[in-house]
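Undergrad: Before I ask anything, here is the structure I am working with.
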Amino acid sequence: MKYLKRYLGNIGAVVAVSLLAGCLLSGTFVLSVKFANIPVSGNNENYFVNVDITGEDLWEDHKDNIKDIDLVGFELWATNNTGVTNTFSAYFADSLSSLDASSTHSEIVTQGILCLNNLPLSATGQTHITYGQSFKYIANLDQLKELTEAGKFKLFLVASESTIDFELDLIRVIVTFTAGV
Amino acid sequence: MRKELKVLLLVVLLAQPALAGGITFGVGAAAGLDYPIRQEDQAPGTVFGFKGRLKAIPSIALEPNIYFTNHGDPDYEDFDLDLEGSKITAYGVDATLGAGFGAVGVKPYGLFGVGFYKVKRDQTLQDETNFGWSAGFGIEVGVNPTVSLDVRGKLVVIPTDGGGSKKSASLTGGLNYYFGN
């Protein structure tokens, strides 16, 4: 029994040390990039941005050891200048996609992938949608996670009304990922 | 709470054949704190649960158990994430080496366990179940042959689909009650 106890004790010690080593060697991180003060106005005009997180220090540190993209979400602050309630949606596309700033509303809707569906824009004042709230509107999350793993994608915002005039005060793309160090 | 009572009732019912066979059997309940390790999308929270205790061979006991963990809402220094912590329901079996099992006095012990961990976060539609494992140490203080105090620290590792893992440490205190002594 004494030998059995010692044997099991040794196994326990090895397991505990391995666990501790594992704890120190991986983690879940939150990374964000933001874009600010973008006026969006005119008929059928869309907002377009290249999202590139590959230059972020956190991504640089872990890019070769990423295990999971846990979540991709957004934080938005927007001010409507029209006095009319509106909604807008967000679409994304591969960074190598032919979609760009000159793409039409219908091209974005048909060729892009919907990621935020019908975000509300109040008639007056500032609309704020937090990261946590953004998941209520998110669509095609698995495809968005897949594309985010490459570190780059194109993001488009389109409004439901043809005449729009609002200031996108801030849009923040927030990525949660699990990686080794 | 109804689910927890059902589990407790099941454990007590399972004790009956064990008692008939003269096998020492116990039940226990514990609660405490849970600390996510290197998980920026979680904050410290609480854990509570129930367990049965079966003496397998002298000094080694098996503990079928169920634990409920509520991670706290994470704080992020740059902005408000507005993100809820995950809820984890763990069903598993721990093996303890050296616990008192009805003995009066102080008995330190080691433990190793395996189980299924159901991780949910309604806000982000996360709902996944993974097989994980745990290891730790504890101290059981036998007040009399039927009642003991139990304090334990445990490291939990939940591997995820992409090859990463989520880890946390918990510190719990509780009571054990033994039948058949």
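Naming works like this for the structure tokens: A, B, ... for the chains as they're shown, residue 1 at the start of each chain, ligands 1 onward in shown order.
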What's the 12 Å shell around range 132-142 of chain A, counting only C-alpha atoms, without same-chain residues fewer than 4 positions away, as a short mmCIF file (atom, residue, chain, number, x, y, z; two decimals) with N, CA and C atoms, in the first residue's frame?

TA:
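Result written to out-v2.cif:
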data_model
loop_
_atom_site.label_atom_id
_atom_site.label_comp_id
_atom_site.auth_asym_id
_atom_site.auth_seq_id
_atom_site.Cartn_x
_atom_site.Cartn_y
_atom_site.Cartn_z
N ASP A 68 -8.11 28.92 -31.23
CA ASP A 68 -9.53 29.18 -31.50
C ASP A 68 -9.77 30.68 -31.64
N ILE A 69 -10.63 31.06 -32.59
CA ILE A 69 -11.23 32.40 -32.55
C ILE A 69 -12.52 32.21 -31.77
N ASP A 70 -12.55 32.68 -30.55
CA ASP A 70 -13.71 32.42 -29.68
C ASP A 70 -14.91 33.27 -30.08
N LEU A 71 -14.67 34.56 -30.29
CA LEU A 71 -15.76 35.48 -30.59
C LEU A 71 -15.28 36.62 -31.49
N VAL A 72 -16.17 37.11 -32.32
CA VAL A 72 -15.92 38.36 -33.04
C VAL A 72 -17.18 39.21 -32.83
N GLY A 73 -17.00 40.40 -32.32
CA GLY A 73 -18.15 41.29 -32.10
C GLY A 73 -17.76 42.73 -32.37
N PHE A 74 -18.70 43.63 -32.14
CA PHE A 74 -18.49 45.03 -32.51
C PHE A 74 -19.01 45.95 -31.42
N GLU A 75 -18.40 47.13 -31.31
CA GLU A 75 -18.98 48.21 -30.52
C GLU A 75 -19.18 49.38 -31.47
N LEU A 76 -20.33 50.01 -31.44
CA LEU A 76 -20.61 51.11 -32.36
C LEU A 76 -21.20 52.32 -31.63
N TRP A 77 -20.74 53.50 -32.04
CA TRP A 77 -21.36 54.76 -31.64
C TRP A 77 -21.71 55.46 -32.94
N THR A 87 -32.15 52.00 -39.99
CA THR A 87 -31.37 50.83 -39.57
C THR A 87 -30.25 50.63 -40.57
N PHE A 88 -29.24 49.97 -40.13
CA PHE A 88 -28.18 49.63 -41.08
C PHE A 88 -27.65 48.24 -40.76
N SER A 89 -27.03 47.64 -41.76
CA SER A 89 -26.50 46.30 -41.60
C SER A 89 -25.02 46.30 -41.98
N ALA A 90 -24.32 45.30 -41.53
CA ALA A 90 -22.90 45.18 -41.86
C ALA A 90 -22.67 43.89 -42.62
N TYR A 91 -21.82 43.98 -43.60
CA TYR A 91 -21.43 42.81 -44.39
C TYR A 91 -19.91 42.71 -44.36
N PHE A 92 -19.41 41.51 -44.51
CA PHE A 92 -17.96 41.36 -44.58
C PHE A 92 -17.61 40.51 -45.79
N ALA A 93 -16.35 40.63 -46.19
CA ALA A 93 -15.86 39.86 -47.32
C ALA A 93 -14.38 39.58 -47.11
N GLY A 112 -21.28 39.99 -50.53
CA GLY A 112 -20.74 39.99 -49.16
C GLY A 112 -21.50 39.02 -48.27
N ILE A 113 -21.02 38.86 -47.06
CA ILE A 113 -21.69 37.96 -46.09
C ILE A 113 -22.21 38.82 -44.95
N LEU A 114 -23.49 38.70 -44.69
CA LEU A 114 -24.12 39.50 -43.64
C LEU A 114 -23.51 39.14 -42.28
N CYS A 115 -23.11 40.16 -41.51
CA CYS A 115 -22.61 39.84 -40.16
C CYS A 115 -23.37 40.58 -39.07
N LEU A 116 -23.93 41.75 -39.36
CA LEU A 116 -24.78 42.45 -38.39
C LEU A 116 -26.07 42.83 -39.09
N ASN A 117 -27.18 42.39 -38.55
CA ASN A 117 -28.44 42.53 -39.26
C ASN A 117 -29.35 43.57 -38.60
N ASN A 118 -29.69 44.62 -39.36
CA ASN A 118 -30.65 45.63 -38.92
C ASN A 118 -30.34 46.27 -37.57
N LEU A 119 -29.17 46.87 -37.49
CA LEU A 119 -28.82 47.62 -36.28
C LEU A 119 -29.67 48.89 -36.24
N PRO A 120 -30.27 49.20 -35.11
CA PRO A 120 -31.15 50.39 -35.06
C PRO A 120 -30.34 51.68 -34.97
N HIS A 128 -25.70 53.89 -29.23
CA HIS A 128 -24.54 53.12 -28.76
C HIS A 128 -24.91 51.65 -28.68
N GLU A 146 -13.94 32.38 -39.09
CA GLU A 146 -13.02 31.73 -40.03
C GLU A 146 -12.18 32.76 -40.76
N LEU A 147 -12.85 33.83 -41.19
CA LEU A 147 -12.15 34.88 -41.93
C LEU A 147 -11.21 35.66 -41.01
N THR A 148 -11.64 35.83 -39.78
CA THR A 148 -10.83 36.59 -38.82
C THR A 148 -9.51 35.87 -38.53
N GLU A 149 -9.52 34.55 -38.66
CA GLU A 149 -8.31 33.79 -38.40
C GLU A 149 -7.17 34.23 -39.33
N ILE A 171 -16.45 52.77 -34.58
CA ILE A 171 -16.75 51.34 -34.71
C ILE A 171 -15.51 50.58 -34.26
N ARG A 172 -15.75 49.66 -33.36
CA ARG A 172 -14.63 48.89 -32.82
C ARG A 172 -14.88 47.40 -33.14
N VAL A 173 -13.91 46.79 -33.74
CA VAL A 173 -14.00 45.34 -34.01
C VAL A 173 -13.24 44.64 -32.89
N ILE A 174 -13.94 43.73 -32.20
CA ILE A 174 -13.35 43.11 -31.01
C ILE A 174 -13.27 41.59 -31.22
N VAL A 175 -12.07 41.08 -31.09
CA VAL A 175 -11.83 39.65 -31.35
C VAL A 175 -11.33 38.99 -30.07
N ASP B 41 -11.72 37.07 -21.19
CA ASP B 41 -13.17 37.21 -21.43
C ASP B 41 -14.00 36.64 -20.29
N ASP B 73 -18.63 38.74 -14.85
CA ASP B 73 -18.54 39.55 -16.07
C ASP B 73 -17.16 40.19 -16.16
N PRO B 74 -16.49 40.06 -17.30
CA PRO B 74 -15.12 40.56 -17.38
C PRO B 74 -15.04 42.09 -17.47
N PHE B 79 -12.27 49.75 -22.64
CA PHE B 79 -13.67 50.11 -22.85
C PHE B 79 -14.55 49.08 -22.15
N ASP B 80 -15.86 49.38 -22.13
CA ASP B 80 -16.80 48.48 -21.46
C ASP B 80 -17.21 47.36 -22.42
N LEU B 81 -16.81 46.13 -22.08
CA LEU B 81 -17.15 44.99 -22.95
C LEU B 81 -18.64 44.67 -22.89
N ASP B 82 -19.26 44.92 -21.73
CA ASP B 82 -20.67 44.57 -21.54
C ASP B 82 -20.90 43.09 -21.86
N LEU B 83 -19.98 42.26 -21.42
CA LEU B 83 -20.04 40.84 -21.74
C LEU B 83 -20.30 40.05 -20.46
N GLU B 84 -21.22 39.09 -20.55
CA GLU B 84 -21.51 38.24 -19.39
C GLU B 84 -20.46 37.13 -19.30
N GLY B 85 -20.21 36.66 -18.08
CA GLY B 85 -19.34 35.51 -17.91
C GLY B 85 -20.09 34.23 -18.28
N ARG B 121 -23.01 30.53 -22.64
CA ARG B 121 -23.09 31.99 -22.48
C ARG B 121 -24.22 32.43 -23.41
N ASP B 122 -25.40 32.63 -22.84
CA ASP B 122 -26.59 32.93 -23.65
C ASP B 122 -26.39 34.15 -24.53
N GLN B 123 -25.69 35.13 -24.01
CA GLN B 123 -25.52 36.40 -24.72
C GLN B 123 -24.85 36.20 -26.09
N THR B 124 -23.90 35.25 -26.15
CA THR B 124 -23.16 35.04 -27.41
C THR B 124 -23.56 33.72 -28.08
N LEU B 125 -24.64 33.12 -27.59
CA LEU B 125 -25.15 31.85 -28.13
C LEU B 125 -24.14 30.71 -27.97
N GLN B 126 -23.21 30.86 -27.04
CA GLN B 126 -22.24 29.79 -26.81
C GLN B 126 -22.92 28.67 -26.02
#

Undergrad: Identify all chain B residues at most 9 Å from chain A by counting only C-alpha atoms; ligands do not count. Present them as a VMD selection string.

TA: chain B and resid 37 to 41 58 to 59 76 80 to 84 97 to 98 110 to 112 123 to 125 134 to 136 155 to 157 160 to 168

Undergrad: How about saving the chosen residues, N, CA and C atoms kept, as an mmCIF file, in the first residue's frame?

TA:
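Written out: again-v8.cif:
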data_model
loop_
_atom_site.group_PDB
_atom_site.id
_atom_site.type_symbol
_atom_site.label_atom_id
_atom_site.label_comp_id
_atom_site.auth_asym_id
_atom_site.auth_seq_id
_atom_site.Cartn_x
_atom_site.Cartn_y
_atom_site.Cartn_z
ATOM 1 N N ILE B 37 -8.170 31.263 -15.321
ATOM 2 C CA ILE B 37 -6.730 31.499 -15.477
ATOM 3 C C ILE B 37 -6.443 31.935 -16.910
ATOM 4 N N ARG B 38 -5.891 33.127 -17.038
ATOM 5 C CA ARG B 38 -5.536 33.719 -18.326
ATOM 6 C C ARG B 38 -6.709 33.684 -19.302
ATOM 7 N N GLN B 39 -7.851 34.095 -18.843
ATOM 8 C CA GLN B 39 -9.032 34.217 -19.711
ATOM 9 C C GLN B 39 -9.539 35.652 -19.595
ATOM 10 N N GLU B 40 -9.156 36.491 -20.541
ATOM 11 C CA GLU B 40 -9.550 37.901 -20.475
ATOM 12 C C GLU B 40 -11.045 38.104 -20.683
ATOM 13 N N ASP B 41 -11.724 37.075 -21.194
ATOM 14 C CA ASP B 41 -13.166 37.211 -21.434
ATOM 15 C C ASP B 41 -13.997 36.644 -20.285
ATOM 16 N N PRO B 58 -8.834 0.975 0.369
ATOM 17 C CA PRO B 58 -8.401 1.847 1.467
ATOM 18 C C PRO B 58 -7.596 3.043 0.937
ATOM 19 N N SER B 59 -7.908 4.201 1.448
ATOM 20 C CA SER B 59 -7.259 5.476 1.107
ATOM 21 C C SER B 59 -7.684 6.063 -0.236
ATOM 22 N N TYR B 76 -12.648 45.187 -18.871
ATOM 23 C CA TYR B 76 -11.577 45.373 -19.838
ATOM 24 C C TYR B 76 -11.123 46.820 -19.699
ATOM 25 N N ASP B 80 -15.861 49.381 -22.130
ATOM 26 C CA ASP B 80 -16.795 48.479 -21.459
ATOM 27 C C ASP B 80 -17.208 47.358 -22.418
ATOM 28 N N LEU B 81 -16.814 46.129 -22.077
ATOM 29 C CA LEU B 81 -17.154 44.993 -22.946
ATOM 30 C C LEU B 81 -18.639 44.674 -22.895
ATOM 31 N N ASP B 82 -19.257 44.916 -21.731
ATOM 32 C CA ASP B 82 -20.665 44.573 -21.540
ATOM 33 C C ASP B 82 -20.903 43.093 -21.864
ATOM 34 N N LEU B 83 -19.983 42.263 -21.423
ATOM 35 C CA LEU B 83 -20.036 40.837 -21.736
ATOM 36 C C LEU B 83 -20.305 40.049 -20.456
ATOM 37 N N GLU B 84 -21.216 39.087 -20.551
ATOM 38 C CA GLU B 84 -21.510 38.235 -19.394
ATOM 39 C C GLU B 84 -20.463 37.133 -19.297
ATOM 40 N N LEU B 97 -7.018 10.504 -3.092
ATOM 41 C CA LEU B 97 -6.051 9.631 -2.439
ATOM 42 C C LEU B 97 -5.703 10.226 -1.081
ATOM 43 N N GLY B 98 -6.098 9.532 -0.034
ATOM 44 C CA GLY B 98 -5.692 9.931 1.307
ATOM 45 C C GLY B 98 -6.740 10.632 2.146
ATOM 46 N N GLY B 110 -4.900 14.181 -2.107
ATOM 47 C CA GLY B 110 -4.760 14.659 -3.477
ATOM 48 C C GLY B 110 -5.929 14.158 -4.290
ATOM 49 N N LEU B 111 -6.212 14.801 -5.400
ATOM 50 C CA LEU B 111 -7.338 14.332 -6.216
ATOM 51 C C LEU B 111 -7.072 14.537 -7.695
ATOM 52 N N PHE B 112 -7.678 13.663 -8.470
ATOM 53 C CA PHE B 112 -7.635 13.776 -9.929
ATOM 54 C C PHE B 112 -9.023 13.407 -10.440
ATOM 55 N N GLN B 123 -25.694 35.132 -24.010
ATOM 56 C CA GLN B 123 -25.521 36.399 -24.721
ATOM 57 C C GLN B 123 -24.850 36.198 -26.088
ATOM 58 N N THR B 124 -23.895 35.253 -26.152
ATOM 59 C CA THR B 124 -23.158 35.040 -27.406
ATOM 60 C C THR B 124 -23.555 33.719 -28.076
ATOM 61 N N LEU B 125 -24.644 33.120 -27.593
ATOM 62 C CA LEU B 125 -25.149 31.853 -28.130
ATOM 63 C C LEU B 125 -24.142 30.713 -27.973
ATOM 64 N N SER B 134 -9.312 17.502 -14.107
ATOM 65 C CA SER B 134 -8.953 18.391 -13.001
ATOM 66 C C SER B 134 -7.998 17.677 -12.054
ATOM 67 N N ALA B 135 -7.272 18.451 -11.287
ATOM 68 C CA ALA B 135 -6.366 17.891 -10.275
ATOM 69 C C ALA B 135 -6.247 18.902 -9.148
ATOM 70 N N GLY B 136 -5.966 18.419 -7.965
ATOM 71 C CA GLY B 136 -5.844 19.353 -6.861
ATOM 72 C C GLY B 136 -5.500 18.682 -5.546
ATOM 73 N N LEU B 155 -7.565 22.578 -9.887
ATOM 74 C CA LEU B 155 -7.257 23.190 -11.175
ATOM 75 C C LEU B 155 -8.061 22.438 -12.229
ATOM 76 N N VAL B 156 -8.847 23.169 -13.036
ATOM 77 C CA VAL B 156 -9.708 22.524 -14.038
ATOM 78 C C VAL B 156 -9.221 22.899 -15.431
ATOM 79 N N VAL B 157 -9.093 21.912 -16.303
ATOM 80 C CA VAL B 157 -8.672 22.148 -17.689
ATOM 81 C C VAL B 157 -9.754 21.603 -18.619
ATOM 82 N N THR B 160 -10.681 22.628 -25.765
ATOM 83 C CA THR B 160 -11.704 23.095 -26.707
ATOM 84 C C THR B 160 -11.454 22.510 -28.094
ATOM 85 N N ASP B 161 -12.417 22.672 -28.982
ATOM 86 C CA ASP B 161 -12.371 21.990 -30.280
ATOM 87 C C ASP B 161 -11.138 22.346 -31.107
ATOM 88 N N GLY B 162 -10.691 23.581 -31.023
ATOM 89 C CA GLY B 162 -9.580 24.011 -31.869
ATOM 90 C C GLY B 162 -8.203 23.623 -31.355
ATOM 91 N N GLY B 163 -8.145 22.929 -30.227
ATOM 92 C CA GLY B 163 -6.844 22.520 -29.693
ATOM 93 C C GLY B 163 -6.390 23.377 -28.529
ATOM 94 N N GLY B 164 -7.153 24.408 -28.198
ATOM 95 C CA GLY B 164 -6.822 25.222 -27.031
ATOM 96 C C GLY B 164 -7.485 24.643 -25.791
ATOM 97 N N SER B 165 -7.442 25.376 -24.716
ATOM 98 C CA SER B 165 -8.130 24.917 -23.506
ATOM 99 C C SER B 165 -8.478 26.114 -22.632
ATOM 100 N N LYS B 166 -9.487 25.918 -21.797
ATOM 101 C CA LYS B 166 -9.879 26.928 -20.809
ATOM 102 C C LYS B 166 -9.517 26.370 -19.445
ATOM 103 N N LYS B 167 -8.889 27.197 -18.643
ATOM 104 C CA LYS B 167 -8.433 26.704 -17.346
ATOM 105 C C LYS B 167 -8.934 27.618 -16.235
ATOM 106 N N SER B 168 -9.188 27.007 -15.112
ATOM 107 C CA SER B 168 -9.566 27.810 -13.957
ATOM 108 C C SER B 168 -9.157 27.093 -12.679
#

Undergrad: CA of Phe48 in chain A and CA of Leu121 in chain A, how far apart in Å?

TA: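 Computed distance, CA of Leu121 in chain A to CA of Phe48 in chain A, equals 18.0 Å.
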
Undergrad: Would you please work out which residue, of B:Leu62, B:Gly100, B:His71, B:Asn130, is nearest to Gly113 in chain B when using only C-alpha atoms?

TA: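 Smallest distance to Gly113 in chain B is found for B:Leu62.
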
Undergrad: When you draw a straight line from CA of Trp59 in chain A to CA of Gln42 in chain B, how long is it in Å?

TA: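 Distance reported for this atom pair: 19.4 Å.
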
Undergrad: I want to know what sits within 10 Å of Phe153 in chain A, based on only C-alpha atoms, with residues of the same chain fewer than 5 positions away left out; could you give that as a list in words?

TA: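 So, after excluding close chain neighbours, the residues are Val49, Asn50, Val51, Asp52, Ile53, Phe92, Ala93, Asp94, Ser95, Leu96, Ser97, Leu144, Leu147 and Thr148 of chain A.
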
Undergrad: Please run DSSP on the backbone and report, as a PDB file with N, CA and C atoms, in the first residue's frame, all residues within range 31-85 of chain A that come out as strand (DSSP E or B).

TA:
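Dumped everything to states.pdb:
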ATOM      1  N   LEU A  31      -8.717  41.352 -28.250  1.00  0.00           N
ATOM      2  CA  LEU A  31      -8.009  42.314 -29.107  1.00  0.00           C
ATOM      3  C   LEU A  31      -9.048  43.219 -29.769  1.00  0.00           C
ATOM      4  N   SER A  32      -8.731  44.499 -29.893  1.00  0.00           N
ATOM      5  CA  SER A  32      -9.688  45.372 -30.576  1.00  0.00           C
ATOM      6  C   SER A  32      -8.985  46.358 -31.492  1.00  0.00           C
ATOM      7  N   VAL A  33      -9.648  46.691 -32.590  1.00  0.00           N
ATOM      8  CA  VAL A  33      -9.182  47.779 -33.461  1.00  0.00           C
ATOM      9  C   VAL A  33     -10.373  48.715 -33.663  1.00  0.00           C
ATOM     10  N   LYS A  34     -10.087  50.012 -33.730  1.00  0.00           N
ATOM     11  CA  LYS A  34     -11.213  50.945 -33.865  1.00  0.00           C
ATOM     12  C   LYS A  34     -11.007  51.908 -35.025  1.00  0.00           C
ATOM     13  N   PHE A  35     -12.131  52.390 -35.542  1.00  0.00           N
ATOM     14  CA  PHE A  35     -12.154  53.362 -36.620  1.00  0.00           C
ATOM     15  C   PHE A  35     -13.117  54.452 -36.171  1.00  0.00           C
ATOM     16  N   ALA A  36     -12.751  55.713 -36.347  1.00  0.00           N
ATOM     17  CA  ALA A  36     -13.561  56.785 -35.760  1.00  0.00           C
ATOM     18  C   ALA A  36     -13.902  57.884 -36.755  1.00  0.00           C
ATOM     19  N   ASN A  37     -15.005  58.579 -36.423  1.00  0.00           N
ATOM     20  CA  ASN A  37     -15.438  59.798 -37.125  1.00  0.00           C
ATOM     21  C   ASN A  37     -15.541  59.639 -38.641  1.00  0.00           C
ATOM     22  N   ILE A  38     -16.406  58.749 -39.036  1.00  0.00           N
ATOM     23  CA  ILE A  38     -16.603  58.531 -40.474  1.00  0.00           C
ATOM     24  C   ILE A  38     -17.998  59.023 -40.860  1.00  0.00           C
ATOM     25  N   PRO A  39     -18.084  60.068 -41.670  1.00  0.00           N
ATOM     26  CA  PRO A  39     -19.399  60.523 -42.120  1.00  0.00           C
ATOM     27  C   PRO A  39     -19.921  59.602 -43.227  1.00  0.00           C
ATOM     28  N   VAL A  40     -21.171  59.214 -43.118  1.00  0.00           N
ATOM     29  CA  VAL A  40     -21.791  58.376 -44.151  1.00  0.00           C
ATOM     30  C   VAL A  40     -23.038  59.118 -44.626  1.00  0.00           C
ATOM     31  N   SER A  41     -23.015  59.610 -45.867  1.00  0.00           N
ATOM     32  CA  SER A  41     -24.168  60.367 -46.364  1.00  0.00           C
ATOM     33  C   SER A  41     -24.328  60.173 -47.860  1.00  0.00           C
ATOM     34  N   GLY A  42     -25.473  60.597 -48.362  1.00  0.00           N
ATOM     35  CA  GLY A  42     -25.728  60.493 -49.799  1.00  0.00           C
ATOM     36  C   GLY A  42     -26.571  59.283 -50.140  1.00  0.00           C
ATOM     37  N   ASN A  43     -27.022  59.251 -51.360  1.00  0.00           N
ATOM     38  CA  ASN A  43     -27.893  58.160 -51.786  1.00  0.00           C
ATOM     39  C   ASN A  43     -27.114  56.857 -51.989  1.00  0.00           C
ATOM     40  N   TYR A  47     -20.433  52.483 -46.252  1.00  0.00           N
ATOM     41  CA  TYR A  47     -19.167  52.694 -45.557  1.00  0.00           C
ATOM     42  C   TYR A  47     -18.332  51.432 -45.698  1.00  0.00           C
ATOM     43  N   PHE A  48     -17.081  51.619 -46.062  1.00  0.00           N
ATOM     44  CA  PHE A  48     -16.201  50.482 -46.289  1.00  0.00           C
ATOM     45  C   PHE A  48     -14.888  50.680 -45.536  1.00  0.00           C
ATOM     46  N   VAL A  49     -14.385  49.617 -44.943  1.00  0.00           N
ATOM     47  CA  VAL A  49     -13.083  49.695 -44.293  1.00  0.00           C
ATOM     48  C   VAL A  49     -12.379  48.341 -44.393  1.00  0.00           C
ATOM     49  N   ASN A  50     -11.076  48.413 -44.540  1.00  0.00           N
ATOM     50  CA  ASN A  50     -10.270  47.191 -44.476  1.00  0.00           C
ATOM     51  C   ASN A  50      -9.919  46.945 -43.015  1.00  0.00           C
ATOM     52  N   VAL A  51     -10.417  45.871 -42.454  1.00  0.00           N
ATOM     53  CA  VAL A  51     -10.076  45.531 -41.070  1.00  0.00           C
ATOM     54  C   VAL A  51      -8.810  44.677 -41.111  1.00  0.00           C
ATOM     55  N   ASP A  52      -7.789  45.155 -40.441  1.00  0.00           N
ATOM     56  CA  ASP A  52      -6.513  44.440 -40.455  1.00  0.00           C
ATOM     57  C   ASP A  52      -5.966  44.412 -39.027  1.00  0.00           C
ATOM     58  N   ILE A  66      -2.382  30.377 -32.605  1.00  0.00           N
ATOM     59  CA  ILE A  66      -3.819  30.570 -32.353  1.00  0.00           C
ATOM     60  C   ILE A  66      -4.556  29.241 -32.449  1.00  0.00           C
ATOM     61  N   LYS A  67      -5.303  28.941 -31.393  1.00  0.00           N
ATOM     62  CA  LYS A  67      -6.045  27.671 -31.333  1.00  0.00           C
ATOM     63  C   LYS A  67      -7.507  27.869 -31.733  1.00  0.00           C
ATOM     64  N   ASP A  68      -8.111  28.923 -31.231  1.00  0.00           N
ATOM     65  CA  ASP A  68      -9.533  29.176 -31.503  1.00  0.00           C
ATOM     66  C   ASP A  68      -9.774  30.676 -31.636  1.00  0.00           C
ATOM     67  N   ILE A  69     -10.629  31.061 -32.587  1.00  0.00           N
ATOM     68  CA  ILE A  69     -11.227  32.401 -32.548  1.00  0.00           C
ATOM     69  C   ILE A  69     -12.521  32.206 -31.771  1.00  0.00           C
ATOM     70  N   ASP A  70     -12.555  32.680 -30.547  1.00  0.00           N
ATOM     71  CA  ASP A  70     -13.712  32.421 -29.679  1.00  0.00           C
ATOM     72  C   ASP A  70     -14.914  33.273 -30.081  1.00  0.00           C
ATOM     73  N   LEU A  71     -14.670  34.557 -30.289  1.00  0.00           N
ATOM     74  CA  LEU A  71     -15.765  35.479 -30.589  1.00  0.00           C
ATOM     75  C   LEU A  71     -15.281  36.621 -31.487  1.00  0.00           C
ATOM     76  N   VAL A  72     -16.174  37.108 -32.318  1.00  0.00           N
ATOM     77  CA  VAL A  72     -15.923  38.361 -33.036  1.00  0.00           C
ATOM     78  C   VAL A  72     -17.185  39.207 -32.833  1.00  0.00           C
ATOM     79  N   GLY A  73     -16.999  40.403 -32.324  1.00  0.00           N
ATOM     80  CA  GLY A  73     -18.148  41.286 -32.096  1.00  0.00           C
ATOM     81  C   GLY A  73     -17.762  42.727 -32.375  1.00  0.00           C
ATOM     82  N   PHE A  74     -18.696  43.631 -32.143  1.00  0.00           N
ATOM     83  CA  PHE A  74     -18.486  45.030 -32.513  1.00  0.00           C
ATOM     84  C   PHE A  74     -19.008  45.954 -31.417  1.00  0.00           C
ATOM     85  N   GLU A  75     -18.395  47.126 -31.313  1.00  0.00           N
ATOM     86  CA  GLU A  75     -18.983  48.211 -30.523  1.00  0.00           C
ATOM     87  C   GLU A  75     -19.177  49.381 -31.472  1.00  0.00           C
ATOM     88  N   LEU A  76     -20.329  50.013 -31.435  1.00  0.00           N
ATOM     89  CA  LEU A  76     -20.605  51.115 -32.356  1.00  0.00           C
ATOM     90  C   LEU A  76     -21.197  52.315 -31.630  1.00  0.00           C
ATOM     91  N   TRP A  77     -20.743  53.496 -32.037  1.00  0.00           N
ATOM     92  CA  TRP A  77     -21.363  54.762 -31.637  1.00  0.00           C
ATOM     93  C   TRP A  77     -21.713  55.463 -32.945  1.00  0.00           C
ATOM     94  N   ALA A  78     -22.961  55.860 -33.104  1.00  0.00           N
ATOM     95  CA  ALA A  78     -23.348  56.534 -34.343  1.00  0.00           C
ATOM     96  C   ALA A  78     -24.336  57.656 -34.035  1.00  0.00           C
ATOM     97  N   THR A  79     -24.236  58.749 -34.790  1.00  0.00           N
ATOM     98  CA  THR A  79     -25.161  59.875 -34.629  1.00  0.00           C
ATOM     99  C   THR A  79     -25.919  60.096 -35.930  1.00  0.00           C
ATOM    100  N   ASN A  80     -27.217  60.053 -35.832  1.00  0.00           N
ATOM    101  CA  ASN A  80     -28.075  60.222 -37.012  1.00  0.00           C
ATOM    102  C   ASN A  80     -28.357  61.713 -37.211  1.00  0.00           C
TER     103      ASN A  80
END

Undergrad: Go through range 96-175 of chain A and collect every residue that DSSP, computed from the backbone, puts in alpha helix (DSSP H); the answer should be as a list in words.

TA: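 Selecting the alpha helix (DSSP H) positions of range 96-175 of chain A gives His105, Ser106, Glu107, Ile108, Val109, Thr110, Gln111, Tyr131, Gly132, Gln133, Ser134, Leu141, Asp142, Gln143, Leu144, Lys145, Glu146, Leu147 and Thr148 of chain A.
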
Undergrad: Expressed in Å to a single decimal, how great is the separation between CA of Ile164 in chain A and CA of Asn86 in chain A?

TA: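 That distance, rounded to one decimal, is 8.2 Å.
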
Undergrad: Nearest residue to Gly174 in chain B out of B:Ile158, B:Gly142, B:Asp150, B:Ala103, using only C-alpha atoms?

TA: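 Of B:Ile158, B:Gly142, B:Asp150, B:Ala103, the one nearest Gly174 in chain B is B:Asp150, counting only C-alpha atoms.
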
Undergrad: Given the choices B:Val106, B:Ile88, B:Ile139, B:Ile66, which gets closest to Asp127 in chain B if the distance is worked out from only C-alpha atoms?

TA: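 Closest to Asp127 in chain B, using only C-alpha atoms: B:Ile88.
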